[in-house]
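Chemist: Got a file for you: entry.cif, mmCIF, C-alpha atoms.
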data_final
#
loop_
_atom_site.label_atom_id
_atom_site.label_comp_id
_atom_site.auth_asym_id
_atom_site.auth_seq_id
_atom_site.Cartn_x
_atom_site.Cartn_y
_atom_site.Cartn_z
CA MET M 200 67.00 46.95 -24.35
CA ARG M 201 69.30 44.30 -22.87
CA VAL M 202 68.72 45.58 -19.32
CA ALA M 203 64.94 45.50 -19.86
CA LEU M 204 65.14 41.91 -21.13
CA ILE M 205 67.23 40.78 -18.16
CA THR M 206 64.81 42.49 -15.76
CA ALA M 207 61.83 40.82 -17.42
CA LEU M 208 63.49 37.41 -17.25
CA ALA M 209 64.40 37.90 -13.58
CA THR M 210 60.83 38.94 -12.76
CA SER M 211 59.42 35.92 -14.60
CA ALA M 212 61.81 33.58 -12.76
CA ALA M 213 60.84 35.08 -9.41
CA LEU M 214 57.13 34.56 -10.07
CA ALA M 215 57.52 30.93 -11.15
CA GLN M 216 58.28 28.65 -8.23
CA GLU M 217 57.42 25.23 -6.91
CA PRO M 218 54.50 25.09 -4.44
CA LYS M 219 55.40 25.01 -0.74
CA GLY M 220 53.27 24.16 2.25
CA SER M 221 51.60 26.81 4.37
CA GLY M 222 50.62 26.57 8.02
CA THR M 223 51.10 23.78 10.54
CA VAL M 224 49.87 20.22 10.19
CA ALA M 225 50.28 17.18 12.47
CA ILE M 226 50.42 13.85 10.61
CA ARG M 227 49.58 10.83 12.78
CA ALA M 228 49.89 7.12 12.07
CA ALA M 229 50.35 3.77 13.76
CA ARG M 230 54.13 3.94 13.29
CA VAL M 231 56.93 6.21 12.08
CA ILE M 232 60.16 4.99 10.44
CA ASP M 233 62.59 7.88 10.29
CA GLY M 234 65.00 6.59 7.62
CA THR M 235 68.05 6.27 9.88
CA GLY M 236 67.58 2.58 10.62
CA ALA M 237 66.34 3.29 14.14
CA VAL M 238 63.52 1.29 15.71
CA PRO M 239 60.11 2.52 14.51
CA VAL M 240 58.11 4.84 16.76
CA ALA M 241 54.69 3.41 17.59
CA ASN M 242 51.72 5.78 17.54
CA GLY M 243 53.89 8.37 15.87
CA VAL M 244 53.36 11.94 14.77
CA VAL M 245 55.24 14.26 12.44
CA VAL M 246 54.60 18.00 12.79
CA VAL M 247 55.17 20.19 9.72
CA THR M 248 55.16 23.97 9.49
CA ASP M 249 55.15 25.35 5.95
CA ASP M 250 57.76 23.25 4.07
CA LYS M 251 59.80 22.00 7.06
CA ILE M 252 59.49 19.27 9.66
CA VAL M 253 59.47 20.78 13.15
CA ALA M 254 58.96 17.69 15.36
CA VAL M 255 58.87 13.89 15.19
CA GLY M 256 57.97 11.48 17.97
CA ARG M 257 55.33 9.52 19.84
CA GLN M 258 51.85 11.00 20.10
CA GLY M 259 51.51 12.63 23.51
CA SER M 260 55.21 13.39 23.78
CA VAL M 261 55.30 15.90 20.93
CA THR M 262 53.82 19.35 21.38
CA ILE M 263 51.33 20.18 18.63
CA PRO M 264 50.78 23.93 18.24
CA ALA M 265 47.27 25.25 18.79
CA GLY M 266 45.33 25.57 15.58
CA ALA M 267 47.35 22.94 13.73
CA ARG M 268 45.49 20.83 11.20
CA THR M 269 45.54 17.08 11.82
CA ILE M 270 45.88 14.29 9.28
CA ASP M 271 45.19 10.89 10.83
CA LEU M 272 46.44 8.07 8.60
CA GLY M 273 45.33 5.24 10.88
CA ASP M 274 47.12 1.88 10.55
CA ALA M 275 49.82 3.28 8.29
CA THR M 276 53.56 3.83 8.44
CA ILE M 277 55.03 7.30 7.92
CA LEU M 278 58.45 7.40 6.22
CA PRO M 279 60.73 9.97 4.58
CA GLY M 280 60.02 10.65 0.92
CA PHE M 281 61.59 7.87 -1.13
CA ILE M 282 64.64 8.51 -3.33
CA ASP M 283 65.37 6.73 -6.62
CA MET M 284 69.02 7.12 -7.64
CA HIS M 285 68.72 5.77 -11.18
CA THR M 286 65.87 6.81 -13.44
CA HIS M 287 65.29 7.73 -17.08
CA VAL M 288 62.10 9.77 -16.90
CA ALA M 289 62.43 11.50 -20.27
CA GLY M 290 61.20 9.68 -23.35
CA ARG M 291 59.53 6.38 -24.06
CA PRO M 292 59.96 3.42 -21.69
CA LEU M 293 61.49 0.19 -22.99
CA ALA M 294 58.06 -1.47 -23.05
CA ASP M 295 56.89 1.03 -25.69
CA PRO M 296 57.05 -0.68 -29.14
CA MET M 297 58.53 2.55 -30.56
CA SER M 298 61.36 2.81 -28.04
CA ASP M 299 64.07 1.38 -30.32
CA LEU M 300 63.13 3.77 -33.13
CA SER M 301 62.34 6.84 -31.04
CA ILE M 302 65.64 8.60 -31.78
CA ALA M 303 64.93 8.38 -35.51
CA LYS M 304 61.17 8.93 -35.56
CA ASP M 305 60.15 11.12 -32.61
CA TYR M 306 60.01 14.90 -32.57
CA GLU M 307 62.78 16.21 -30.34
CA ALA M 308 60.31 17.73 -27.88
CA LEU M 309 58.39 14.48 -27.41
CA GLY M 310 60.83 13.05 -24.86
CA ALA M 311 60.29 15.90 -22.42
CA ILE M 312 56.52 15.94 -23.01
CA VAL M 313 56.23 12.21 -22.32
CA GLY M 314 58.38 12.81 -19.26
CA VAL M 315 55.67 15.00 -17.71
CA ALA M 316 53.50 11.92 -17.18
CA ASN M 317 56.50 9.88 -16.04
CA VAL M 318 57.51 12.28 -13.27
CA HIS M 319 53.91 12.48 -12.07
CA LYS M 320 53.72 8.68 -11.79
CA THR M 321 57.04 8.71 -9.95
CA LEU M 322 55.86 11.26 -7.40
CA MET M 323 52.59 9.37 -6.86
CA ALA M 324 54.67 6.27 -6.08
CA GLY M 325 56.15 8.18 -3.11
CA PHE M 326 59.46 9.12 -4.73
CA THR M 327 59.88 12.76 -3.88
CA THR M 328 63.48 12.86 -5.17
CA ILE M 329 65.19 11.19 -8.13
CA ARG M 330 68.56 11.20 -9.85
CA ASN M 331 68.06 11.01 -13.62
CA LEU M 332 71.05 9.37 -15.28
CA GLY M 333 70.96 10.29 -18.92
CA ALA M 334 68.61 11.87 -21.44
CA GLY M 335 68.91 13.22 -24.95
CA ASN M 336 68.34 16.83 -25.95
CA PHE M 337 68.67 17.96 -22.31
CA ASP M 338 65.10 16.72 -21.80
CA ASP M 339 65.73 15.88 -18.15
CA LEU M 340 66.96 19.41 -17.48
CA ALA M 341 63.77 20.77 -19.06
CA LEU M 342 61.70 18.54 -16.78
CA ARG M 343 63.72 19.63 -13.74
CA ALA M 344 63.17 23.29 -14.63
CA ALA M 345 59.43 22.77 -15.12
CA ILE M 346 59.11 21.04 -11.74
CA ASN M 347 61.22 23.63 -9.92
CA ALA M 348 59.15 26.43 -11.45
CA GLY M 349 55.89 24.79 -10.40
CA TYR M 350 54.56 24.23 -13.90
CA ILE M 351 54.19 20.47 -13.36
CA PRO M 352 54.22 18.23 -10.27
CA GLY M 353 57.14 15.88 -9.90
CA PRO M 354 60.04 14.86 -7.68
CA ARG M 355 63.03 17.11 -7.10
CA MET M 356 65.76 16.03 -9.47
CA GLN M 357 69.46 15.72 -9.90
CA SER M 358 70.03 15.36 -13.64
CA ALA M 359 72.93 14.23 -15.81
CA ALA M 360 71.94 15.49 -19.29
CA HIS M 361 73.81 13.34 -21.85
CA SER M 362 75.51 10.17 -20.65
CA LEU M 363 79.20 9.99 -21.54
CA GLY M 364 80.59 7.04 -23.46
CA ILE M 365 83.07 5.89 -26.08
CA THR M 366 82.34 5.87 -29.80
CA GLY M 367 80.26 2.78 -30.47
CA GLY M 368 79.84 2.03 -26.77
CA HIS M 369 76.79 1.48 -24.61
CA CYS M 370 76.08 5.22 -24.27
CA ASP M 371 76.30 5.72 -28.05
CA GLU M 372 73.46 5.19 -30.53
CA ASN M 373 74.09 1.87 -32.26
CA GLY M 374 72.38 -0.25 -34.90
CA PHE M 375 71.86 2.57 -37.42
CA ARG M 376 73.65 3.26 -40.71
CA PRO M 377 77.06 4.99 -40.50
CA GLY M 378 76.93 8.77 -40.16
CA LEU M 379 73.31 8.96 -39.06
CA PHE M 380 73.88 9.43 -35.32
CA ASP M 381 77.57 10.20 -34.96
CA GLY M 382 78.10 11.75 -31.55
CA THR M 383 80.34 14.51 -30.23
CA PRO M 384 81.48 15.54 -26.74
CA ALA M 385 78.45 17.86 -26.68
CA THR M 386 76.15 14.83 -26.99
CA GLY M 387 78.30 12.74 -24.65
CA ILE M 388 80.41 10.72 -27.10
CA ALA M 389 84.03 11.28 -26.12
CA ASP M 390 87.28 9.39 -26.75
CA GLY M 391 90.53 10.19 -24.97
CA THR M 392 91.11 12.40 -21.97
CA ASP M 393 90.77 15.74 -23.77
CA GLN M 394 87.39 14.88 -25.27
CA VAL M 395 86.23 13.44 -21.96
CA ARG M 396 87.04 16.68 -20.16
CA ALA M 397 85.26 18.68 -22.87
CA ALA M 398 82.18 16.45 -22.57
CA VAL M 399 82.00 16.97 -18.81
CA ARG M 400 82.37 20.71 -19.18
CA TYR M 401 79.63 20.87 -21.81
CA GLN M 402 77.06 18.97 -19.74
CA VAL M 403 77.84 21.10 -16.68
CA LYS M 404 77.67 24.30 -18.75
CA TYR M 405 74.06 23.56 -19.55
CA GLY M 406 73.01 22.48 -16.08
CA ALA M 407 74.02 18.88 -15.34
CA ASP M 408 74.08 18.16 -11.58
CA VAL M 409 75.87 14.82 -11.94
CA ILE M 410 77.93 13.10 -14.64
CA LYS M 411 76.80 9.68 -15.89
CA THR M 412 79.20 7.46 -17.81
CA CYS M 413 79.22 4.01 -19.35
CA ALA M 414 82.31 2.28 -18.00
CA THR M 415 81.30 -1.07 -19.52
CA ALA M 416 79.03 -2.46 -22.18
CA GLY M 417 75.37 -2.99 -21.34
CA VAL M 418 72.38 -5.18 -21.96
CA LEU M 419 70.20 -3.26 -24.39
CA SER M 420 72.75 -1.71 -26.76
CA GLU M 421 73.63 -3.34 -30.07
CA GLY M 422 77.13 -4.32 -31.12
CA THR M 423 78.94 -3.46 -27.88
CA GLY M 424 80.25 -6.92 -27.02
CA ALA M 425 79.58 -8.92 -23.89
CA VAL M 426 77.56 -7.17 -21.19
CA GLY M 427 80.54 -6.54 -18.91
CA THR M 428 83.23 -5.55 -21.44
CA PRO M 429 85.24 -2.53 -20.17
CA GLN M 430 84.96 0.54 -22.40
CA TYR M 431 86.74 3.55 -20.91
CA THR M 432 90.33 3.21 -19.73
CA LEU M 433 91.48 4.10 -16.23
CA GLU M 434 93.11 7.25 -17.60
CA GLU M 435 89.94 8.38 -19.37
CA LEU M 436 87.72 7.72 -16.36
CA GLY M 437 90.27 9.37 -14.07
CA ALA M 438 90.18 12.51 -16.22
CA MET M 439 86.38 12.46 -16.15
CA VAL M 440 86.23 12.17 -12.37
CA GLN M 441 88.89 14.85 -11.91
CA GLU M 442 87.06 17.28 -14.18
CA ALA M 443 83.67 16.57 -12.61
CA ASN M 444 84.98 16.90 -9.06
CA LYS M 445 86.69 20.16 -9.98
CA LEU M 446 83.26 21.42 -11.02
CA ASP M 447 81.69 20.09 -7.79
CA ARG M 448 79.97 17.16 -9.53
CA LYS M 449 80.04 13.42 -8.85
CA VAL M 450 80.35 10.66 -11.43
CA ALA M 451 77.93 7.71 -11.61
CA ALA M 452 79.31 4.81 -13.63
CA HIS M 453 77.18 2.26 -15.45
CA ALA M 454 79.30 -0.86 -14.90
CA HIS M 455 78.23 -4.49 -15.19
CA GLY M 456 81.53 -6.34 -15.61
CA THR M 457 83.97 -7.36 -12.89
CA GLU M 458 87.03 -5.61 -14.35
CA GLY M 459 85.11 -2.53 -15.49
CA ILE M 460 83.73 -2.07 -11.99
CA LYS M 461 87.24 -2.08 -10.52
CA ILE M 462 88.55 0.34 -13.14
CA ALA M 463 85.71 2.76 -12.38
CA VAL M 464 86.19 2.48 -8.61
CA ARG M 465 89.95 3.07 -8.92
CA ALA M 466 89.22 6.11 -11.09
CA GLY M 467 87.19 7.58 -8.21
CA VAL M 468 83.56 7.38 -9.33
CA SER M 469 81.01 7.96 -6.59
CA SER M 470 78.67 5.12 -7.53
CA ILE M 471 78.57 1.92 -9.53
CA GLU M 472 75.26 1.49 -11.34
CA HIS M 473 74.09 -2.13 -11.78
CA GLY M 474 77.30 -3.84 -10.62
CA SER M 475 76.01 -7.18 -11.87
CA PHE M 476 79.26 -9.17 -11.92
CA LEU M 477 80.73 -7.66 -8.75
CA ASP M 478 83.21 -9.98 -7.04
CA GLU M 479 84.73 -10.08 -3.55
CA GLU M 480 87.79 -8.03 -4.54
CA GLY M 481 85.64 -5.39 -6.19
CA ALA M 482 83.34 -5.21 -3.18
CA ARG M 483 86.27 -4.78 -0.80
CA LEU M 484 87.61 -2.01 -3.04
CA MET M 485 84.23 -0.27 -3.05
CA LYS M 486 83.98 -0.51 0.72
CA GLU M 487 87.51 0.89 1.12
CA ARG M 488 86.84 3.82 -1.20
CA GLY M 489 83.28 4.52 -0.01
CA THR M 490 81.89 3.83 -3.49
CA TYR M 491 78.14 3.22 -3.51
CA LEU M 492 76.37 0.40 -5.31
CA VAL M 493 73.08 1.29 -6.99
CA PRO M 494 71.95 -2.21 -7.98
CA THR M 495 68.90 -1.48 -10.21
CA ILE M 496 67.47 -4.97 -9.66
CA SER M 497 64.14 -3.95 -11.19
CA ALA M 498 65.88 -3.51 -14.54
CA GLY M 499 67.44 -6.94 -14.18
CA GLU M 500 64.07 -8.49 -13.51
CA THR M 501 62.49 -6.62 -16.43
CA VAL M 502 65.04 -7.64 -19.07
CA GLU M 503 65.10 -11.21 -17.76
CA GLN M 504 61.33 -11.43 -18.23
CA MET M 505 61.60 -9.86 -21.69
CA ALA M 506 64.27 -12.35 -22.74
CA LYS M 507 62.27 -15.32 -21.47
CA SER M 508 59.13 -14.09 -23.23
CA GLY M 509 60.90 -13.46 -26.54
CA ARG M 510 60.61 -9.66 -26.44
CA LEU M 511 64.41 -9.53 -26.41
CA THR M 512 66.23 -11.74 -28.87
CA GLY M 513 69.76 -12.55 -30.02
CA ASN M 514 72.71 -11.08 -28.15
CA ARG M 515 70.52 -8.73 -26.12
CA ALA M 516 68.59 -11.70 -24.72
CA VAL M 517 71.83 -13.53 -23.90
CA LYS M 518 73.16 -10.45 -22.09
CA ALA M 519 69.88 -9.91 -20.24
CA LEU M 520 69.80 -13.42 -18.82
CA ALA M 521 73.47 -13.30 -17.82
CA ALA M 522 73.19 -9.92 -16.09
CA ALA M 523 69.99 -10.80 -14.22
CA GLU M 524 71.47 -14.02 -12.90
CA ALA M 525 74.69 -12.26 -11.84
CA MET M 526 72.77 -9.47 -10.08
CA ARG M 527 71.31 -11.92 -7.61
CA ASN M 528 74.83 -12.76 -6.47
CA GLY M 529 76.50 -9.38 -6.87
CA ILE M 530 74.28 -7.49 -4.46
CA ARG M 531 74.70 -10.19 -1.82
CA ILE M 532 78.47 -9.88 -2.14
CA ALA M 533 78.11 -6.12 -1.67
CA VAL M 534 75.98 -6.52 1.45
CA ARG M 535 78.36 -9.09 2.90
CA ASN M 536 81.31 -6.72 2.45
CA GLY M 537 79.58 -3.62 3.84
CA VAL M 538 79.41 -1.70 0.56
CA PRO M 539 77.13 1.35 0.92
CA ILE M 540 73.96 0.75 -1.09
CA ALA M 541 71.45 3.25 -2.49
CA LEU M 542 68.18 2.34 -4.16
CA GLY M 543 67.86 2.81 -7.91
CA SER M 544 65.23 1.24 -10.12
CA ASP M 545 66.41 2.21 -13.64
CA ALA M 546 62.80 3.22 -14.29
CA GLY M 547 62.38 3.62 -18.02
CA VAL M 548 63.68 0.10 -18.50
CA GLY M 549 60.84 -0.95 -16.20
CA ALA M 550 57.60 0.94 -15.73
CA HIS M 551 57.48 4.43 -14.28
CA GLY M 552 55.53 4.54 -11.04
CA ALA M 553 56.65 1.01 -10.15
CA ASN M 554 59.84 2.32 -8.52
CA GLY M 555 58.79 0.94 -5.12
CA HIS M 556 59.15 -2.62 -6.45
CA GLU M 557 62.90 -2.09 -6.05
CA PHE M 558 62.43 -2.26 -2.26
CA THR M 559 60.86 -5.70 -2.67
CA LEU M 560 63.63 -6.99 -4.92
CA MET M 561 66.37 -5.68 -2.63
CA VAL M 562 64.93 -7.97 0.02
CA GLU M 563 63.91 -10.94 -2.14
CA TRP M 564 66.87 -10.98 -4.57
CA GLY M 565 69.47 -9.10 -2.61
CA GLY M 566 69.00 -10.44 0.91
CA LEU M 567 68.71 -7.04 2.56
CA THR M 568 66.46 -6.77 5.58
CA PRO M 569 63.37 -4.59 5.09
CA MET M 570 64.97 -1.88 7.24
CA GLN M 571 68.19 -2.00 5.20
CA ALA M 572 66.15 -1.59 2.03
CA ILE M 573 64.30 1.40 3.51
CA VAL M 574 67.58 3.04 4.52
CA ALA M 575 68.93 2.44 0.99
CA GLY M 576 65.95 4.32 -0.44
CA THR M 577 66.05 7.20 2.04
CA SER M 578 69.06 8.33 4.11
CA SER M 579 71.72 6.35 2.21
CA ALA M 580 70.52 7.71 -1.12
CA ALA M 581 70.41 11.23 0.33
CA ARG M 582 74.06 10.94 1.37
CA LEU M 583 75.09 9.89 -2.13
CA LEU M 584 73.21 12.89 -3.52
CA GLY M 585 74.94 15.17 -1.03
CA TRP M 586 71.51 16.33 0.16
CA ASP M 587 71.38 14.48 3.48
CA ASN M 588 71.15 17.81 5.33
CA ARG M 589 67.76 18.40 3.67
CA ILE M 590 66.10 15.10 2.81
CA GLY M 591 66.25 11.36 3.53
CA THR M 592 65.27 11.35 7.20
CA LEU M 593 62.39 12.54 9.35
CA ALA M 594 63.86 15.08 11.78
CA ALA M 595 63.33 18.66 12.82
CA GLY M 596 64.71 21.06 10.24
CA MET M 597 64.44 18.69 7.28
CA LEU M 598 62.28 19.40 4.25
CA ALA M 599 58.75 18.09 4.65
CA ASP M 600 59.05 15.22 2.17
CA ILE M 601 56.86 12.54 3.75
CA VAL M 602 55.17 9.39 2.48
CA ALA M 603 52.96 6.79 4.09
CA VAL M 604 52.01 3.23 3.25
CA GLN M 605 49.28 1.06 4.73
CA GLY M 606 50.42 -1.48 7.29
CA ASP M 607 53.96 -2.27 8.40
CA PRO M 608 56.68 -2.52 5.73
CA LEU M 609 58.98 -4.34 8.16
CA ALA M 610 56.43 -7.16 8.20
CA ASN M 611 55.55 -6.92 4.50
CA ILE M 612 58.06 -5.13 2.28
CA ARG M 613 55.57 -5.03 -0.59
CA THR M 614 53.58 -2.31 1.18
CA LEU M 615 56.27 0.09 -0.07
CA GLU M 616 55.12 -0.53 -3.63
CA THR M 617 51.96 1.54 -3.01
CA ALA M 618 52.18 4.92 -1.34
CA THR M 619 48.84 6.08 0.03
CA PHE M 620 50.04 9.52 1.18
CA VAL M 621 52.64 11.76 -0.49
CA MET M 622 53.84 15.15 0.74
CA LYS M 623 56.65 17.14 -0.86
CA ASN M 624 57.82 20.50 0.49
CA GLY M 625 54.85 20.44 2.86
CA VAL M 626 52.34 20.13 0.00
CA VAL M 627 50.06 17.07 -0.08
CA TYR M 628 50.05 15.51 -3.55
CA LYS M 629 48.32 12.26 -2.61
CA ARG M 630 46.00 11.30 0.22
CA ASP M 631 43.93 8.18 0.85
CA GLY M 632 45.50 6.73 -2.27
CA SER M 633 44.20 9.48 -4.57
CA ALA M 634 46.21 12.18 -6.34
CA ARG M 635 45.50 15.80 -5.33
CA LEU M 636 46.27 19.01 -7.16
CA PRO M 637 48.43 21.37 -5.07
#
Any chance you could give the structure as structure tokens?

Modeler:
Amino acid sequence: MRVALITALATSAALAQEPKGSGTVAIRAARVIDGTGAVPVANGVVVVTDDKIVAVGRQGSVTIPAGARTIDLGDATILPGFIDMHTHVAGRPLADPMSDLSIAKDYEALGAIVGVANVHKTLMAGFTTIRNLGAGNFDDLALRAAINAGYIPGPRMQSAAHSLGITGGHCDENGFRPGLFDGTPATGIADGTDQVRAAVRYQVKYGADVIKTCATAGVLSEGTGAVGTPQYTLEELGAMVQEANKLDRKVAAHAHGTEGIKIAVRAGVSSIEHGSFLDEEGARLMKERGTYLVPTISAGETVEQMAKSGRLTGNRAVKALAAAEAMRNGIRIAVRNGVPIALGSDAGVGAHGANGHEFTLMVEWGGLTPMQAIVAGTSSAARLLGWDNRIGTLAAGMLADIVAVQGDPLANIRTLETATFVMKNGVVYKRDGSARLP
């Protein structure tokens, strides 16, 4: 009986798989930006066979196999599929009036079901890969499985499952009566090194690709102190990083405050998320250790607007305004000190499908050049994921994750906010600005 069940499950898993391209197609456009930071190729072409890129270059200098289909995108720019390193695709977005009460009122399955629409919007925005940093009930792992099995369209995902945090901290559920939402290491609430190790092991046991932690307080949580207050100790974070690395996982640390950022970097986290109050010393430390900054400026802009409009009130409004103002300075300090930067929008705080606005803010708030912003959302993000041998650049042998935007993003960064063509694994999901079923 057990053997028959295992065989049936294996057969079912083999039949369910994500769509892949078939045949050869040559995609032509006015320019190609390959994601490495190199000068764009004018009158470019990318040749794809099945789900892989086989050639990239100038039209006329690249051999196009006989019988290949041609897609001519005209005055567009071809780029690698975009990568968002900080999303929350499961559950209601902050703008939803029910978001604050969702944990108490929603059916457990609703978060994953709502996420189906969120991942579709994300893919249509040109983001063919995301890193989802925290979700309840393993909803993000359910979404990842559904995408990988081909049941729903969406970006490829690295997922964190439950975020790890101290009792009463930013990653905990606050503002409810005592005993209602007490957490455990299984749900990410862990105090002391032993519980921290247990929490890491539990998330990995059930499929987490990356560990997300709250090293400091945050903007939207209740009763956690000032936005940058450190929460985990160096010893606790060190144990978390050690355990995660032992299991071949990286740690992404939510950290707004100056001291909390430094504690997390010294503990060995791979990325600092937000980094609002980053100072020169912290930036130099990040550069020295190779720690990435994922600045999530879109979230800063969103909460700033909500505070100014009265949607956020009290301490949350105070924290929102302080963090947004600090972000404008923190990212510039990071750029000045050569800190590696990867794009992350914190979608879920802001709207899903608006992920490309982060490119604009990296230029307008952060002072990056348009090319630096593009690299942050392609090859740099791929390196942080550890997937730079598969995605993040347009080159022979890479997966055929390709997007296009109208016009030249180096002349107008806002073109990256609207993808007109989206291909993932060689399958076209959007063309001429319209979604297509694979």

Chemist: Name the residues in contact with M:Val574 at a cut-off of 9 Å, using only C-alpha atoms, excluding same-chain residues fewer than 4 positions from it; report them as a list of chain:residue names.

Modeler: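 After dropping sequence-adjacent residues, the list is M:Gly234, M:Thr235, M:Gly236, M:Ile540, M:Ala541, M:Leu542, M:Pro569, M:Met570, M:Ser578, M:Ser579, M:Ala580, M:Gly591.
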
Chemist: On this structure, the PyMOL selection byres ((chain M and resi 525) around 10) would catch which residues? List them as a CSV table (one decimal) with C-alpha atoms, in the coordinates of the input, sorted by chain and number.

Modeler:
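Below is the file out-v1.csv, written as the result:
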chain,number,residue,atom,x,y,z
M,455,HIS,CA,78.2,-4.5,-15.2
M,456,GLY,CA,81.5,-6.3,-15.6
M,474,GLY,CA,77.3,-3.8,-10.6
M,475,SER,CA,76.0,-7.2,-11.9
M,476,PHE,CA,79.3,-9.2,-11.9
M,477,LEU,CA,80.7,-7.7,-8.8
M,499,GLY,CA,67.4,-6.9,-14.2
M,519,ALA,CA,69.9,-9.9,-20.2
M,520,LEU,CA,69.8,-13.4,-18.8
M,521,ALA,CA,73.5,-13.3,-17.8
M,522,ALA,CA,73.2,-9.9,-16.1
M,523,ALA,CA,70.0,-10.8,-14.2
M,524,GLU,CA,71.5,-14.0,-12.9
M,526,MET,CA,72.8,-9.5,-10.1
M,527,ARG,CA,71.3,-11.9,-7.6
M,528,ASN,CA,74.8,-12.8,-6.5
M,529,GLY,CA,76.5,-9.4,-6.9
M,530,ILE,CA,74.3,-7.5,-4.5

Chemist: List the residues matched by the PyMOL selection byres ((chain M and resi 335) around 10) in the displayed structure as a list in words, ordered by chain and then by residue number.

Modeler: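 With the shown file as input, the PyMOL selection byres ((chain M and resi 335) around 10) matches Ala289, Gly290, Ile302, Glu307, Gly310, Ala311, Gly333, Ala334, Asn336, Phe337, Asp338, Asp339, Leu340, Ala360, His361, Ser362, Thr386 and Gly387 of chain M.
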
Chemist: Have a look at M:Leu379, M:Ala398, M:Ile532, M:Ala463 and name the one nearest to M:Arg483; count only C-alpha atoms.

Modeler: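 Once distances to M:Arg483 are computed over only C-alpha atoms, the minimum belongs to M:Ile532.
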
Chemist: Using all atoms listed in the file, pick whichever of M:Leu342, M:Asp408, M:Ile329, M:Met622 has the shortest atom-to-atom distance to M:Ala308.

Modeler: M:Leu342
